[in-house]
Structures are given as C-alpha cells and as structure tokens.
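Engineer: Input structure: data-v6.pdb, which contains PDB, C-alpha atoms.
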```pdb
MODEL        1
ATOM      1  CA  LYS A 819     -17.940  -8.111   5.540  1.00  0.00           C
ATOM      2  CA  ASN A 820     -14.758  -6.132   4.973  1.00  0.00           C
ATOM      3  CA  GLU A 821     -14.390  -2.811   6.724  1.00  0.00           C
ATOM      4  CA  VAL A 822     -13.522  -1.229   3.366  1.00  0.00           C
ATOM      5  CA  GLU A 823     -15.420  -2.230   0.244  1.00  0.00           C
ATOM      6  CA  GLN A 824     -14.615  -1.083  -3.259  1.00  0.00           C
ATOM      7  CA  SER A 825     -16.640  -1.313  -6.422  1.00  0.00           C
ATOM      8  CA  PRO A 826     -16.301  -2.332  -9.091  1.00  0.00           C
ATOM      9  CA  GLN A 827     -13.589  -4.977  -8.707  1.00  0.00           C
ATOM     10  CA  ASN A 828     -12.730  -4.733 -12.382  1.00  0.00           C
ATOM     11  CA  LEU A 829     -13.441  -1.942 -14.805  1.00  0.00           C
ATOM     12  CA  THR A 830     -12.696  -1.711 -18.517  1.00  0.00           C
ATOM     13  CA  ALA A 831     -13.143   1.583 -20.313  1.00  0.00           C
ATOM     14  CA  GLN A 832     -12.417   3.157 -23.666  1.00  0.00           C
ATOM     15  CA  GLU A 833      -9.937   5.980 -23.867  1.00  0.00           C
ATOM     16  CA  GLY A 834     -11.616   9.281 -23.117  1.00  0.00           C
ATOM     17  CA  GLU A 835     -14.361   7.891 -20.903  1.00  0.00           C
ATOM     18  CA  PHE A 836     -15.207   9.286 -17.491  1.00  0.00           C
ATOM     19  CA  ILE A 837     -14.480   6.731 -14.782  1.00  0.00           C
ATOM     20  CA  THR A 838     -15.794   6.398 -11.237  1.00  0.00           C
ATOM     21  CA  ILE A 839     -14.513   4.024  -8.573  1.00  0.00           C
ATOM     22  CA  ASN A 840     -16.404   3.795  -5.298  1.00  0.00           C
ATOM     23  CA  CYS A 841     -15.312   3.066  -1.759  1.00  0.00           C
ATOM     24  CA  SER A 842     -17.530   2.454   1.260  1.00  0.00           C
ATOM     25  CA  TYR A 843     -16.308   1.900   4.782  1.00  0.00           C
ATOM     26  CA  SER A 844     -17.966   0.861   8.004  1.00  0.00           C
ATOM     27  CA  VAL A 845     -15.649   2.267  10.669  1.00  0.00           C
ATOM     28  CA  GLY A 846     -14.873   5.708  12.007  1.00  0.00           C
ATOM     29  CA  ILE A 847     -11.910   7.171  10.196  1.00  0.00           C
ATOM     30  CA  SER A 848      -9.530  10.076  10.517  1.00  0.00           C
ATOM     31  CA  ALA A 849      -8.666  10.108   6.809  1.00  0.00           C
ATOM     32  CA  LEU A 850      -9.140   8.192   3.580  1.00  0.00           C
ATOM     33  CA  HIS A 851      -6.446   7.534   1.010  1.00  0.00           C
ATOM     34  CA  TRP A 852      -6.633   6.690  -2.669  1.00  0.00           C
ATOM     35  CA  LEU A 853      -3.596   4.781  -3.893  1.00  0.00           C
ATOM     36  CA  GLN A 854      -2.508   3.711  -7.359  1.00  0.00           C
ATOM     37  CA  GLN A 855      -0.543   0.540  -8.025  1.00  0.00           C
ATOM     38  CA  HIS A 856       0.935  -0.032 -11.463  1.00  0.00           C
ATOM     39  CA  PRO A 857       1.750  -3.493 -12.863  1.00  0.00           C
ATOM     40  CA  GLY A 858       5.343  -3.155 -11.666  1.00  0.00           C
ATOM     41  CA  GLY A 859       4.015  -3.083  -8.130  1.00  0.00           C
ATOM     42  CA  GLY A 860       5.020   0.340  -6.802  1.00  0.00           C
ATOM     43  CA  ILE A 861       2.333   2.239  -4.928  1.00  0.00           C
ATOM     44  CA  VAL A 862       1.709   5.941  -5.351  1.00  0.00           C
ATOM     45  CA  SER A 863      -0.486   7.949  -3.029  1.00  0.00           C
ATOM     46  CA  LEU A 864      -2.991   9.939  -5.092  1.00  0.00           C
ATOM     47  CA  PHE A 865      -5.069  11.650  -2.429  1.00  0.00           C
ATOM     48  CA  MET A 866      -5.528  11.890   1.287  1.00  0.00           C
ATOM     49  CA  LEU A 867      -8.990  13.171   2.259  1.00  0.00           C
ATOM     50  CA  SER A 868     -10.767  13.897   5.479  1.00  0.00           C
ATOM     51  CA  SER A 869     -13.627  15.939   4.017  1.00  0.00           C
ATOM     52  CA  GLY A 870     -14.964  17.449   0.814  1.00  0.00           C
ATOM     53  CA  LYS A 871     -13.232  17.148  -2.500  1.00  0.00           C
ATOM     54  CA  LYS A 872      -9.736  17.280  -3.954  1.00  0.00           C
ATOM     55  CA  LYS A 873      -8.607  17.611  -7.561  1.00  0.00           C
ATOM     56  CA  HIS A 874      -5.258  16.872  -9.149  1.00  0.00           C
ATOM     57  CA  GLY A 875      -5.074  17.067 -12.911  1.00  0.00           C
ATOM     58  CA  ARG A 876      -7.654  14.658 -14.343  1.00  0.00           C
ATOM     59  CA  LEU A 877      -8.253  13.006 -10.977  1.00  0.00           C
ATOM     60  CA  ILE A 878     -10.957  14.044  -8.534  1.00  0.00           C
ATOM     61  CA  ALA A 879     -11.627  12.483  -5.154  1.00  0.00           C
ATOM     62  CA  THR A 880     -14.660  13.143  -2.981  1.00  0.00           C
ATOM     63  CA  ILE A 881     -15.674  11.959   0.432  1.00  0.00           C
ATOM     64  CA  ASN A 882     -18.967  12.032   2.333  1.00  0.00           C
ATOM     65  CA  ILE A 883     -18.186  11.421   5.981  1.00  0.00           C
ATOM     66  CA  GLN A 884     -21.838  11.054   7.015  1.00  0.00           C
ATOM     67  CA  GLU A 885     -22.474   8.385   4.399  1.00  0.00           C
ATOM     68  CA  LYS A 886     -19.036   6.775   4.880  1.00  0.00           C
ATOM     69  CA  HIS A 887     -18.425   6.849   1.158  1.00  0.00           C
ATOM     70  CA  SER A 888     -15.734   8.114  -1.190  1.00  0.00           C
ATOM     71  CA  SER A 889     -15.398   8.208  -4.959  1.00  0.00           C
ATOM     72  CA  LEU A 890     -12.425   8.534  -7.241  1.00  0.00           C
ATOM     73  CA  HIS A 891     -13.139  10.008 -10.657  1.00  0.00           C
ATOM     74  CA  ILE A 892     -10.881  10.050 -13.688  1.00  0.00           C
ATOM     75  CA  THR A 893     -11.827  12.423 -16.486  1.00  0.00           C
ATOM     76  CA  ALA A 894     -10.724  11.853 -20.089  1.00  0.00           C
ATOM     77  CA  SER A 895      -9.236   8.479 -19.228  1.00  0.00           C
ATOM     78  CA  HIS A 896      -6.074   7.321 -20.960  1.00  0.00           C
ATOM     79  CA  PRO A 897      -4.417   3.905 -21.323  1.00  0.00           C
ATOM     80  CA  ARG A 898      -1.660   5.030 -18.966  1.00  0.00           C
ATOM     81  CA  ASP A 899      -4.328   5.267 -16.234  1.00  0.00           C
ATOM     82  CA  SER A 900      -4.554   1.467 -16.322  1.00  0.00           C
ATOM     83  CA  ALA A 901      -3.621   0.318 -12.841  1.00  0.00           C
ATOM     84  CA  VAL A 902      -5.080  -0.999  -9.611  1.00  0.00           C
ATOM     85  CA  TYR A 903      -6.708   1.715  -7.517  1.00  0.00           C
ATOM     86  CA  ILE A 904      -6.853   1.055  -3.811  1.00  0.00           C
ATOM     87  CA  CYS A 905      -8.949   2.799  -1.182  1.00  0.00           C
ATOM     88  CA  ALA A 906      -7.469   2.785   2.313  1.00  0.00           C
ATOM     89  CA  VAL A 907      -8.819   4.288   5.526  1.00  0.00           C
ATOM     90  CA  ARG A 908      -6.852   5.511   8.474  1.00  0.00           C
ATOM     91  CA  THR A 909      -8.554   4.603  11.729  1.00  0.00           C
ATOM     92  CA  SER A 910      -6.006   5.124  14.495  1.00  0.00           C
ATOM     93  CA  GLY A 911      -2.554   6.597  14.388  1.00  0.00           C
ATOM     94  CA  SER A 912      -1.089   5.987  10.961  1.00  0.00           C
ATOM     95  CA  ARG A 913      -2.351   2.427  10.491  1.00  0.00           C
ATOM     96  CA  LEU A 914      -4.308   1.799   7.259  1.00  0.00           C
ATOM     97  CA  THR A 915      -7.068  -0.647   6.385  1.00  0.00           C
ATOM     98  CA  PHE A 916      -7.149  -1.430   2.673  1.00  0.00           C
ATOM     99  CA  GLY A 917      -9.895  -2.219   0.215  1.00  0.00           C
ATOM    100  CA  GLU A 918      -9.435  -5.067  -2.224  1.00  0.00           C
ATOM    101  CA  GLY A 919      -8.605  -2.718  -5.059  1.00  0.00           C
ATOM    102  CA  THR A 920     -10.176  -1.971  -8.443  1.00  0.00           C
ATOM    103  CA  GLN A 921      -8.367  -3.150 -11.561  1.00  0.00           C
ATOM    104  CA  LEU A 922      -8.843  -0.478 -14.223  1.00  0.00           C
ATOM    105  CA  THR A 923      -8.028  -1.148 -17.849  1.00  0.00           C
ATOM    106  CA  VAL A 924      -8.338   1.691 -20.344  1.00  0.00           C
ATOM    107  CA  ASN A 925      -8.242   0.586 -23.962  1.00  0.00           C
ATOM    108  CA  PRO A 926      -7.030   2.871 -26.736  1.00  0.00           C
TER     109      PRO A 926
ATOM    110  CA  GLY B 434       6.619  14.160  -1.998  1.00  0.00           C
ATOM    111  CA  ALA B 435       8.574  12.055   0.439  1.00  0.00           C
ATOM    112  CA  VAL B 436      10.672   9.243  -1.048  1.00  0.00           C
ATOM    113  CA  VAL B 437      11.017   5.723   0.252  1.00  0.00           C
ATOM    114  CA  SER B 438      13.351   3.219  -1.382  1.00  0.00           C
ATOM    115  CA  GLN B 439      13.597  -0.541  -1.105  1.00  0.00           C
ATOM    116  CA  HIS B 440      16.489  -2.787  -1.913  1.00  0.00           C
ATOM    117  CA  PRO B 441      16.643  -5.133  -3.656  1.00  0.00           C
ATOM    118  CA  SER B 442      13.756  -4.702  -6.071  1.00  0.00           C
ATOM    119  CA  ARG B 443      13.885  -8.371  -7.009  1.00  0.00           C
ATOM    120  CA  VAL B 444      15.571 -11.329  -5.368  1.00  0.00           C
ATOM    121  CA  ILE B 445      15.637 -15.011  -6.113  1.00  0.00           C
ATOM    122  CA  CYS B 446      16.946 -17.316  -3.425  1.00  0.00           C
ATOM    123  CA  LYS B 447      17.108 -20.990  -2.691  1.00  0.00           C
ATOM    124  CA  SER B 448      14.888 -22.675  -0.148  1.00  0.00           C
ATOM    125  CA  GLY B 449      16.441 -22.616   3.310  1.00  0.00           C
ATOM    126  CA  THR B 450      18.459 -19.443   2.850  1.00  0.00           C
ATOM    127  CA  SER B 451      17.768 -16.056   4.430  1.00  0.00           C
ATOM    128  CA  VAL B 452      17.041 -12.853   2.567  1.00  0.00           C
ATOM    129  CA  LYS B 453      17.295  -9.298   3.844  1.00  0.00           C
ATOM    130  CA  ILE B 454      15.184  -6.486   2.418  1.00  0.00           C
ATOM    131  CA  GLU B 455      16.005  -2.867   3.207  1.00  0.00           C
ATOM    132  CA  CYS B 456      13.581   0.021   3.430  1.00  0.00           C
ATOM    133  CA  ARG B 457      14.958   3.554   3.544  1.00  0.00           C
ATOM    134  CA  SER B 458      13.335   6.943   3.914  1.00  0.00           C
ATOM    135  CA  LEU B 459      15.489   9.165   1.721  1.00  0.00           C
ATOM    136  CA  ASP B 460      14.434  12.670   2.618  1.00  0.00           C
ATOM    137  CA  PHE B 461      12.732  12.432   5.985  1.00  0.00           C
ATOM    138  CA  GLN B 462      13.062  10.734   9.328  1.00  0.00           C
ATOM    139  CA  ALA B 463      10.654   7.854   9.735  1.00  0.00           C
ATOM    140  CA  THR B 464       9.615   7.097  13.277  1.00  0.00           C
ATOM    141  CA  THR B 465       7.357   4.293  12.085  1.00  0.00           C
ATOM    142  CA  MET B 466       7.695   1.862   9.215  1.00  0.00           C
ATOM    143  CA  PHE B 467       5.181  -0.730   8.117  1.00  0.00           C
ATOM    144  CA  TRP B 468       5.907  -4.000   6.324  1.00  0.00           C
ATOM    145  CA  TYR B 469       3.299  -5.521   4.026  1.00  0.00           C
ATOM    146  CA  ARG B 470       3.136  -8.546   1.807  1.00  0.00           C
ATOM    147  CA  GLN B 471       0.956  -8.851  -1.231  1.00  0.00           C
ATOM    148  CA  PHE B 472      -0.039 -11.991  -3.089  1.00  0.00           C
ATOM    149  CA  PRO B 473      -1.081 -11.790  -6.752  1.00  0.00           C
ATOM    150  CA  LYS B 474      -4.387 -10.037  -7.304  1.00  0.00           C
ATOM    151  CA  GLN B 475      -4.808  -9.415  -3.575  1.00  0.00           C
ATOM    152  CA  SER B 476      -4.549  -6.312  -1.478  1.00  0.00           C
ATOM    153  CA  LEU B 477      -1.762  -5.477   0.923  1.00  0.00           C
ATOM    154  CA  MET B 478      -1.589  -7.459   4.124  1.00  0.00           C
ATOM    155  CA  LEU B 479       0.091  -5.793   7.080  1.00  0.00           C
ATOM    156  CA  MET B 480       2.798  -7.980   8.566  1.00  0.00           C
ATOM    157  CA  ALA B 481       4.285  -5.764  11.234  1.00  0.00           C
ATOM    158  CA  THR B 482       4.702  -2.232  12.508  1.00  0.00           C
ATOM    159  CA  SER B 483       8.205  -1.105  13.296  1.00  0.00           C
ATOM    160  CA  ASN B 484       9.041   1.840  15.529  1.00  0.00           C
ATOM    161  CA  GLU B 485      12.582   3.168  15.639  1.00  0.00           C
ATOM    162  CA  GLY B 486      14.516   1.842  18.570  1.00  0.00           C
ATOM    163  CA  SER B 487      11.897  -0.624  19.770  1.00  0.00           C
ATOM    164  CA  LYS B 488      10.703  -4.105  18.946  1.00  0.00           C
ATOM    165  CA  ALA B 489       8.348  -4.536  16.024  1.00  0.00           C
ATOM    166  CA  THR B 490       4.688  -5.320  16.602  1.00  0.00           C
ATOM    167  CA  TYR B 491       3.612  -8.285  14.517  1.00  0.00           C
ATOM    168  CA  GLU B 492       0.132  -8.958  13.210  1.00  0.00           C
ATOM    169  CA  GLN B 493      -1.670 -12.123  14.216  1.00  0.00           C
ATOM    170  CA  GLY B 494      -0.427 -15.117  12.286  1.00  0.00           C
ATOM    171  CA  VAL B 495       2.917 -13.577  11.319  1.00  0.00           C
ATOM    172  CA  GLU B 496       5.863 -15.469  12.790  1.00  0.00           C
ATOM    173  CA  LYS B 497       8.264 -13.028  14.364  1.00  0.00           C
ATOM    174  CA  ASP B 498      11.113 -15.548  14.337  1.00  0.00           C
ATOM    175  CA  LYS B 499      10.689 -16.078  10.626  1.00  0.00           C
ATOM    176  CA  PHE B 500      10.276 -12.444   9.623  1.00  0.00           C
ATOM    177  CA  LEU B 501      12.885 -10.505  11.575  1.00  0.00           C
ATOM    178  CA  ILE B 502      12.429  -6.751  11.575  1.00  0.00           C
ATOM    179  CA  ASN B 503      15.025  -4.257  12.670  1.00  0.00           C
ATOM    180  CA  HIS B 504      14.470  -0.501  12.758  1.00  0.00           C
ATOM    181  CA  ALA B 505      17.807   0.654  14.034  1.00  0.00           C
ATOM    182  CA  SER B 506      17.751   4.200  12.713  1.00  0.00           C
ATOM    183  CA  LEU B 507      15.250   6.856  11.710  1.00  0.00           C
ATOM    184  CA  THR B 508      15.879   6.194   8.024  1.00  0.00           C
ATOM    185  CA  LEU B 509      16.315   2.430   7.790  1.00  0.00           C
ATOM    186  CA  SER B 510      14.272  -0.654   8.566  1.00  0.00           C
ATOM    187  CA  THR B 511      15.153  -4.162   7.462  1.00  0.00           C
ATOM    188  CA  LEU B 512      13.039  -7.265   7.008  1.00  0.00           C
ATOM    189  CA  THR B 513      14.884 -10.580   7.034  1.00  0.00           C
ATOM    190  CA  VAL B 514      13.039 -13.638   5.793  1.00  0.00           C
ATOM    191  CA  THR B 515      14.789 -16.509   7.546  1.00  0.00           C
ATOM    192  CA  SER B 516      14.930 -20.055   6.213  1.00  0.00           C
ATOM    193  CA  ALA B 517      12.861 -19.028   3.228  1.00  0.00           C
ATOM    194  CA  HIS B 518      10.439 -21.465   1.644  1.00  0.00           C
ATOM    195  CA  PRO B 519       8.630 -21.292  -1.695  1.00  0.00           C
ATOM    196  CA  GLU B 520       5.436 -20.226   0.075  1.00  0.00           C
ATOM    197  CA  ASP B 521       7.291 -17.090   1.217  1.00  0.00           C
ATOM    198  CA  SER B 522       7.486 -15.999  -2.404  1.00  0.00           C
ATOM    199  CA  SER B 523       5.554 -12.761  -2.538  1.00  0.00           C
ATOM    200  CA  PHE B 524       5.762  -9.023  -3.086  1.00  0.00           C
ATOM    201  CA  TYR B 525       6.973  -7.233   0.041  1.00  0.00           C
ATOM    202  CA  ILE B 526       6.254  -3.525   0.433  1.00  0.00           C
ATOM    203  CA  CYS B 527       7.330  -1.141   3.143  1.00  0.00           C
ATOM    204  CA  SER B 528       5.963   2.245   4.027  1.00  0.00           C
ATOM    205  CA  ALA B 529       7.265   4.974   6.265  1.00  0.00           C
ATOM    206  CA  VAL B 530       5.679   7.690   8.393  1.00  0.00           C
ATOM    207  CA  GLY B 531       7.479  10.887   9.278  1.00  0.00           C
ATOM    208  CA  GLN B 532       7.855  12.259  12.765  1.00  0.00           C
ATOM    209  CA  GLY B 533       4.674  14.018  13.851  1.00  0.00           C
ATOM    210  CA  HIS B 534       2.798  12.983  10.704  1.00  0.00           C
ATOM    211  CA  TYR B 535       0.310  10.260   9.802  1.00  0.00           C
ATOM    212  CA  GLU B 536       0.583   9.799   6.046  1.00  0.00           C
ATOM    213  CA  GLN B 537       2.350   6.645   4.884  1.00  0.00           C
ATOM    214  CA  TYR B 538       4.807   6.860   2.007  1.00  0.00           C
ATOM    215  CA  PHE B 539       5.264   3.589   0.184  1.00  0.00           C
ATOM    216  CA  GLY B 540       8.397   1.981  -1.146  1.00  0.00           C
ATOM    217  CA  PRO B 541       8.482   0.460  -4.628  1.00  0.00           C
ATOM    218  CA  GLY B 542       8.362  -3.096  -3.302  1.00  0.00           C
ATOM    219  CA  THR B 543      10.585  -6.157  -3.428  1.00  0.00           C
ATOM    220  CA  ARG B 544       9.608  -9.263  -5.330  1.00  0.00           C
ATOM    221  CA  LEU B 545      10.919 -12.355  -3.572  1.00  0.00           C
ATOM    222  CA  THR B 546      11.024 -15.688  -5.340  1.00  0.00           C
ATOM    223  CA  VAL B 547      12.125 -18.732  -3.377  1.00  0.00           C
ATOM    224  CA  THR B 548      13.075 -21.727  -5.491  1.00  0.00           C
TER     225      THR B 548
ENDMDL
END
```
Reformat the file's structure so that it appears as structure tokens.
Structural biologist:
Amino acid sequence: KNEVEQSPQNLTAQEGEFITINCSYSVGISALHWLQQHPGGGIVSLFMLSSGKKKHGRLIATINIQEKHSSLHITASHPRDSAVYICAVRTSGSRLTFGEGTQLTVNP
Amino acid sequence: GAVVSQHPSRVICKSGTSVKIECRSLDFQATTMFWYRQFPKQSLMLMATSNEGSKATYEQGVEKDKFLINHASLTLSTLTVTSAHPEDSSFYICSAVGQGHYEQYFGPGTRLTVT
C-alpha cells in the first residue's frame, strides 16, 4: 500500500461541474501539497496545507489531520483545468512523498 | 512565487553520449535541490537530494556514477546523464528549497530522448 493514495485515478467532467479529488495518507506529516501538472510537464504548486482549509479562486483545499485525509475541490470547472493533480505529503525536512496523481479532463 | 528554471527543456542525444541538465533558482538561494524523473503516466520518482557544497544523496537503485549531480552554488545544480541509453529517456524535473524554508519550487522539466 502506498503511503499516499489518491482517488479517483481518472476523472472526466463537463464544463461547469463541481469536482472533488481525494487524498489519503498513512504517515505523520508536517504539511500536504496539492500540485498541478499540465500536459507540457511543468508542475505548479497550488496549495500547501497543514490544517483547515485554503481557497484560491475556484480552487479549495481542505485537510483533516485526524483522519489523514485531504480534498481538492474545483468549482465551476473549465476545460483549462484539465491536468494531472498530484497530492504530496511532507514528512521530514523538505522531502515529499507523492501520490500517483489524478488525471482530470473537463469537456466543453 | 519563487521561480526555478531548467535548461534545456528538450534534448535529443545519441546513445553513449552524456547530457547535462541545469536547474537554477532565479530569485532565491536554494540550499537544497531535488532531482526527479517521471515516466509517462507515472508520478515523480526522487532520484537524489543535492545540498549546496556537499555530495548528493542518491535514492536506492539510482546509480551515482551514471547520474552525476553537482550543486556548486546556491542558485545552480546540474544533473549529468553519462553514457546515456534509450532507457534513460524520461522527463527530468528539479525542485529547489530556499534557505530556512521547506516548500519545494519545481522547475518546468527537461524531456530527454536518447536515440
């Protein structure tokens, strides 16, 4: 079993739909990151969380430390949101452990 | 946010040659840089951790003589793939961590194709 599990692996949505991607982890962490990787390959850090909830535009990330679970929500999804979303946890120092990623496709 | 660049973005080389990939932190000093490789439809795999002025720490299964890492300054780390083979073809990504911080900032990646 991986230390970081994401679900679903693949997600297809229609433009405008509300999207949720889940991340569960089995180790103690100091922070959790949500990353976005576009088809060209570059990775963008969306959020870094250690508790509670953060919002940036149409993106919301939540974390429940007791349940070792985080969710990434996208409201009013758009085709340009199509990307791979990766959950990564920071356990010691700055080292990250990555989930397998969720491929999101938003159709117009 | 902090900016990390990689050069080149794409490289094609012949089997047996060596290729150098540069990773630069443009607006901050990076005490630590990480090198990852990523195969299609897979997540990032950490290859090595590089601290400025000291030898890199390689992950299990990564050959240090094949993947040479140099972190000679606080803004530059290089990864040299020596005697490249087609199985080394992959997407290589670096990330950098600023002094006194923990968050990693990722470079845009380098796609290596060995023919």
Engineer: Measure the distance from atom CA of A:Gly858 to atom CA of B:Tyr538 in Å and round it to one decimal.
Structural biologist: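 Spanning atom CA of A:Gly858 to atom CA of B:Tyr538 is a straight-line distance of 17.0 Å.
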Engineer: Can you translate the PyMOL selection byres ((chain B and resi 510) around 10) into the concrete residues it hits in this file, as a VMD selection string?
Structural biologist: chain B and resid 439 454 to 458 463 465 to 468 483 to 485 502 to 509 511 to 512 527 to 529
Engineer: With the cut-off set at 12 Å and counting all atoms listed in the file, tabulate each residue of chain B with an atom at most that distance from an atom of chain A, showing the nearest atom pair and its distance in Å to one decimal, ordered by chain and increasing number, as a Markdown table.
Structural biologist:
```
| residue | atom | partner | partner_atom | distance |
| --- | --- | --- | --- | --- |
| B:Gly434 | CA | A:Ser863 | CA | 9.5 |
| B:Ala435 | CA | A:Ser863 | CA | 10.5 |
| B:Val436 | CA | A:Val862 | CA | 10.5 |
| B:Val437 | CA | A:Ile861 | CA | 10.7 |
| B:Ser438 | CA | A:Gly860 | CA | 10.3 |
| B:Gln439 | CA | A:Gly860 | CA | 10.3 |
| B:Ser442 | CA | A:Gly859 | CA | 10.1 |
| B:Arg443 | CA | A:Gly858 | CA | 11.0 |
| B:Ala463 | CA | A:Ser912 | CA | 12.0 |
| B:Thr464 | CA | A:Ser912 | CA | 11.0 |
| B:Thr465 | CA | A:Ser912 | CA | 8.7 |
| B:Met466 | CA | A:Ser912 | CA | 9.9 |
| B:Phe467 | CA | A:Arg913 | CA | 8.5 |
| B:Trp468 | CA | A:Arg913 | CA | 11.3 |
| B:Tyr469 | CA | A:Leu914 | CA | 11.0 |
| B:Arg470 | CA | A:Gly859 | CA | 11.4 |
| B:Gln471 | CA | A:Gly859 | CA | 9.5 |
| B:Phe472 | CA | A:Gly859 | CA | 11.0 |
| B:Pro473 | CA | A:Gly859 | CA | 10.2 |
| B:Lys474 | CA | A:Glu918 | CA | 8.7 |
| B:Gln475 | CA | A:Glu918 | CA | 6.5 |
| B:Ser476 | CA | A:Glu918 | CA | 5.1 |
| B:Leu477 | CA | A:Phe916 | CA | 7.0 |
| B:Met478 | CA | A:Phe916 | CA | 8.3 |
| B:Leu479 | CA | A:Leu914 | CA | 8.8 |
| B:Met480 | CA | A:Arg913 | CA | 11.8 |
| B:Ala481 | CA | A:Arg913 | CA | 10.6 |
| B:Thr482 | CA | A:Arg913 | CA | 8.7 |
| B:Ser483 | CA | A:Arg913 | CA | 11.5 |
| B:Asn484 | CA | A:Ser912 | CA | 11.9 |
| B:Glu492 | CA | A:Arg913 | CA | 12.0 |
| B:Ser523 | CA | A:Gly859 | CA | 11.3 |
| B:Phe524 | CA | A:Gly859 | CA | 8.0 |
| B:Tyr525 | CA | A:Gly859 | CA | 9.6 |
| B:Ile526 | CA | A:Gly860 | CA | 8.3 |
| B:Cys527 | CA | A:Ile861 | CA | 10.1 |
| B:Ser528 | CA | A:Ile861 | CA | 9.7 |
| B:Ala529 | CA | A:Ser912 | CA | 9.6 |
| B:Val530 | CA | A:Ser912 | CA | 7.4 |
| B:Gly531 | CA | A:Ser912 | CA | 10.0 |
| B:Gln532 | CA | A:Ser912 | CA | 11.1 |
| B:Gly533 | CA | A:Ser912 | CA | 10.3 |
| B:His534 | CA | A:Ser912 | CA | 8.0 |
| B:Tyr535 | CA | A:Ser912 | CA | 4.6 |
| B:Glu536 | CA | A:Ser912 | CA | 6.4 |
| B:Gln537 | CA | A:Ser912 | CA | 7.0 |
| B:Tyr538 | CA | A:Ser863 | CA | 7.4 |
| B:Phe539 | CA | A:Ile861 | CA | 6.0 |
| B:Gly540 | CA | A:Gly860 | CA | 6.8 |
| B:Pro541 | CA | A:Gly860 | CA | 4.1 |
| B:Gly542 | CA | A:Gly860 | CA | 5.9 |
| B:Thr543 | CA | A:Gly859 | CA | 8.6 |
| B:Arg544 | CA | A:Gly859 | CA | 8.8 |
```
Engineer: Using the chain letters and numbering of this document, enumerate as a JSON list (two decimals) with C-alpha atoms, in the coordinates of the input the residues selected by the PyMOL selection byres ((chain A and resi 875-883) around 12).
Structural biologist:
```json
[["chain", "number", "residue", "atom", "x", "y", "z"],
["A", 834, "GLY", "CA", -11.62, 9.28, -23.12],
["A", 835, "GLU", "CA", -14.36, 7.89, -20.90],
["A", 836, "PHE", "CA", -15.21, 9.29, -17.49],
["A", 837, "ILE", "CA", -14.48, 6.73, -14.78],
["A", 838, "THR", "CA", -15.79, 6.40, -11.24],
["A", 839, "ILE", "CA", -14.51, 4.02, -8.57],
["A", 840, "ASN", "CA", -16.40, 3.80, -5.30],
["A", 841, "CYS", "CA", -15.31, 3.07, -1.76],
["A", 842, "SER", "CA", -17.53, 2.45, 1.26],
["A", 843, "TYR", "CA", -16.31, 1.90, 4.78],
["A", 844, "SER", "CA", -17.97, 0.86, 8.00],
["A", 845, "VAL", "CA", -15.65, 2.27, 10.67],
["A", 846, "GLY", "CA", -14.87, 5.71, 12.01],
["A", 847, "ILE", "CA", -11.91, 7.17, 10.20],
["A", 848, "SER", "CA", -9.53, 10.08, 10.52],
["A", 849, "ALA", "CA", -8.67, 10.11, 6.81],
["A", 850, "LEU", "CA", -9.14, 8.19, 3.58],
["A", 851, "HIS", "CA", -6.45, 7.53, 1.01],
["A", 852, "TRP", "CA", -6.63, 6.69, -2.67],
["A", 853, "LEU", "CA", -3.60, 4.78, -3.89],
["A", 854, "GLN", "CA", -2.51, 3.71, -7.36],
["A", 864, "LEU", "CA", -2.99, 9.94, -5.09],
["A", 865, "PHE", "CA", -5.07, 11.65, -2.43],
["A", 866, "MET", "CA", -5.53, 11.89, 1.29],
["A", 867, "LEU", "CA", -8.99, 13.17, 2.26],
["A", 868, "SER", "CA", -10.77, 13.90, 5.48],
["A", 869, "SER", "CA", -13.63, 15.94, 4.02],
["A", 870, "GLY", "CA", -14.96, 17.45, 0.81],
["A", 871, "LYS", "CA", -13.23, 17.15, -2.50],
["A", 872, "LYS", "CA", -9.74, 17.28, -3.95],
["A", 873, "LYS", "CA", -8.61, 17.61, -7.56],
["A", 874, "HIS", "CA", -5.26, 16.87, -9.15],
["A", 884, "GLN", "CA", -21.84, 11.05, 7.02],
["A", 885, "GLU", "CA", -22.47, 8.38, 4.40],
["A", 886, "LYS", "CA", -19.04, 6.78, 4.88],
["A", 887, "HIS", "CA", -18.42, 6.85, 1.16],
["A", 888, "SER", "CA", -15.73, 8.11, -1.19],
["A", 889, "SER", "CA", -15.40, 8.21, -4.96],
["A", 890, "LEU", "CA", -12.42, 8.53, -7.24],
["A", 891, "HIS", "CA", -13.14, 10.01, -10.66],
["A", 892, "ILE", "CA", -10.88, 10.05, -13.69],
["A", 893, "THR", "CA", -11.83, 12.42, -16.49],
["A", 894, "ALA", "CA", -10.72, 11.85, -20.09],
["A", 895, "SER", "CA", -9.24, 8.48, -19.23],
["A", 896, "HIS", "CA", -6.07, 7.32, -20.96],
["A", 899, "ASP", "CA", -4.33, 5.27, -16.23],
["A", 903, "TYR", "CA", -6.71, 1.72, -7.52],
["A", 905, "CYS", "CA", -8.95, 2.80, -1.18],
["A", 907, "VAL", "CA", -8.82, 4.29, 5.53]]
```
Engineer: Could you state the separation of atom CA of B:Thr546 and atom CA of B:Val452 in Å, given to one decimal place?
Structural biologist: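 Atom CA of B:Val452 lies at a distance of 10.3 Å from atom CA of B:Thr546.
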Engineer: Find the smallest box with edges along x, y and z containing every listed atom of stretch 838-843 of chain A, then add 5 Å on each side and report centre and edge lengths in Å to one decimal, as AutoDock Vina command-line options.
Structural biologist:
```
--center_x -16.0 --center_y 4.1 --center_z -3.2 --size_x 13.0 --size_y 14.5 --size_z 26.0
```
Engineer: Return as a short mmCIF file (atom, residue, chain, number, x, y, z; two decimals) with C-alpha atoms, in the frame of the given file the set of residues that the PyMOL selection byres ((chain B and resi 518) around 12) yields on the displayed structure.
Structural biologist:
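File produced: selection-v8.cif:
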```cif
data_model
loop_
_atom_site.label_atom_id
_atom_site.label_comp_id
_atom_site.auth_asym_id
_atom_site.auth_seq_id
_atom_site.Cartn_x
_atom_site.Cartn_y
_atom_site.Cartn_z
CA ILE B 445 15.64 -15.01 -6.11
CA CYS B 446 16.95 -17.32 -3.42
CA LYS B 447 17.11 -20.99 -2.69
CA SER B 448 14.89 -22.68 -0.15
CA GLY B 449 16.44 -22.62 3.31
CA THR B 450 18.46 -19.44 2.85
CA SER B 451 17.77 -16.06 4.43
CA VAL B 452 17.04 -12.85 2.57
CA LYS B 499 10.69 -16.08 10.63
CA VAL B 514 13.04 -13.64 5.79
CA THR B 515 14.79 -16.51 7.55
CA SER B 516 14.93 -20.06 6.21
CA ALA B 517 12.86 -19.03 3.23
CA PRO B 519 8.63 -21.29 -1.70
CA GLU B 520 5.44 -20.23 0.08
CA ASP B 521 7.29 -17.09 1.22
CA SER B 522 7.49 -16.00 -2.40
CA SER B 523 5.55 -12.76 -2.54
CA LEU B 545 10.92 -12.36 -3.57
CA THR B 546 11.02 -15.69 -5.34
CA VAL B 547 12.12 -18.73 -3.38
CA THR B 548 13.08 -21.73 -5.49
#
```
Engineer: Which distance in Å separates atom CA of A:Ala901 and atom CA of A:Thr830, to one decimal?
Structural biologist: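 Taking atom CA of A:Ala901 and atom CA of A:Thr830, their separation equals 10.9 Å.
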